[in-house]
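See structure below.
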Amino acid sequence: MAPSYLTRSRLAWVSLLAVVAGLALTFLATATGLPRWLIPVGYFTALGGAALLFIGWLMWKSRR
């Protein structure tokens with residue numbers, strides 16, 4: 001199996017963790033009645049993680 005971006009990059013795993021954490025924060029804020037300002041924080045955390053994942057993938061493709 002050839003090395004891929006997800007198997008060789010720590011940046012990819014950190015990005016995926018940010019996406020999951022952001023979506024989990026949004027879910028917890030809506031489900032448990034936490035302050036409403038946590039909902040956009042969760043969304044923007046997930047969005048930042050997705051952007052970082054995409055930028056990292058572009059860097060990986062440019063090197064290979």
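We name chains A, B, ... following the order of the structure tokens; residues begin at 1 in each chain, and ligands are numbered from 1 as shown.
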Per residue of stretch 4-23 of chain A within 7 Å of stretch 44-64 of chain A, what are the shortest atom pair and its distance in Å to one decimal, counting only C-alpha atoms, with rows by chain and residue number, as JSON lines?
{"residue": "A:Tyr5", "atom": "CA", "partner": "A:Trp60", "partner_atom": "CA", "distance": 6.6}
{"residue": "A:Leu11", "atom": "CA", "partner": "A:Gly56", "partner_atom": "CA", "distance": 6.7}
{"residue": "A:Ala12", "atom": "CA", "partner": "A:Leu53", "partner_atom": "CA", "distance": 5.6}
{"residue": "A:Ser15", "atom": "CA", "partner": "A:Gly49", "partner_atom": "CA", "distance": 4.5}
{"residue": "A:Leu16", "atom": "CA", "partner": "A:Gly49", "partner_atom": "CA", "distance": 6.4}
{"residue": "A:Ala18", "atom": "CA", "partner": "A:Gly49", "partner_atom": "CA", "distance": 5.0}
{"residue": "A:Val19", "atom": "CA", "partner": "A:Ala46", "partner_atom": "CA", "distance": 3.9}
{"residue": "A:Val20", "atom": "CA", "partner": "A:Ala46", "partner_atom": "CA", "distance": 6.8}
{"residue": "A:Gly22", "atom": "CA", "partner": "A:Ala46", "partner_atom": "CA", "distance": 4.5}
{"residue": "A:Leu23", "atom": "CA", "partner": "A:Ala46", "partner_atom": "CA", "distance": 6.1}
What is the atom CA of A:Tyr43 to atom CA of A:Leu17 distance in Å?
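Taking atom CA of A:Tyr43 as the start and atom CA of A:Leu17 as the end point, the length is 13.4 Å.
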When DSSP is applied to the backbone of this structure, which of chain A are assigned helix (DSSP H, G or I)? Write them out as JSON, numbers by chain.
{"A": [5, 6, 7, 8, 10, 11, 12, 13, 14, 15, 16, 17, 18, 19, 20, 21, 22, 23, 24, 25, 26, 27, 28, 29, 30, 31, 32, 38, 39, 40, 41, 42, 43, 44, 45, 46, 47, 48, 49, 50, 51, 52, 53, 54, 55, 56, 57, 58, 59, 60, 61, 62, 63]}
9 Å contact set for A:Leu38, only C-alpha atoms, chain neighbours under 4 positions out, as a VMD selection string:
chain A and resid 25 to 26 29 to 30 34 42 to 43
What would the file look like if the residues just selected were written as a compact mmCIF listing (two decimals), in the first residue's frame with N, CA, C and O atoms?
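Below is the file that was written, part_17.txt:
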# COMPACT_ATOMS: atom_id res chain seq x y z
N LEU A 25 -18.56 19.89 19.89
CA LEU A 25 -18.87 21.06 20.72
C LEU A 25 -20.21 21.66 20.33
O LEU A 25 -21.01 22.02 21.20
N THR A 26 -20.47 21.76 19.04
CA THR A 26 -21.75 22.28 18.58
C THR A 26 -22.89 21.40 19.03
O THR A 26 -23.92 21.88 19.52
N ALA A 29 -23.38 21.78 22.80
CA ALA A 29 -23.95 23.08 23.15
C ALA A 29 -25.45 23.11 22.89
O ALA A 29 -26.21 23.70 23.67
N THR A 30 -25.90 22.47 21.83
CA THR A 30 -27.33 22.47 21.55
C THR A 30 -28.08 21.44 22.40
O THR A 30 -29.22 21.66 22.77
N LEU A 34 -25.82 24.56 26.88
CA LEU A 34 -24.66 25.41 27.15
C LEU A 34 -24.87 26.76 26.48
O LEU A 34 -25.79 26.93 25.68
N GLY A 42 -17.92 26.23 17.75
CA GLY A 42 -17.77 24.86 17.26
C GLY A 42 -17.77 24.78 15.75
O GLY A 42 -16.96 24.07 15.15
N TYR A 43 -18.67 25.54 15.12
CA TYR A 43 -18.72 25.54 13.66
C TYR A 43 -17.42 26.08 13.06
O TYR A 43 -16.89 25.53 12.10
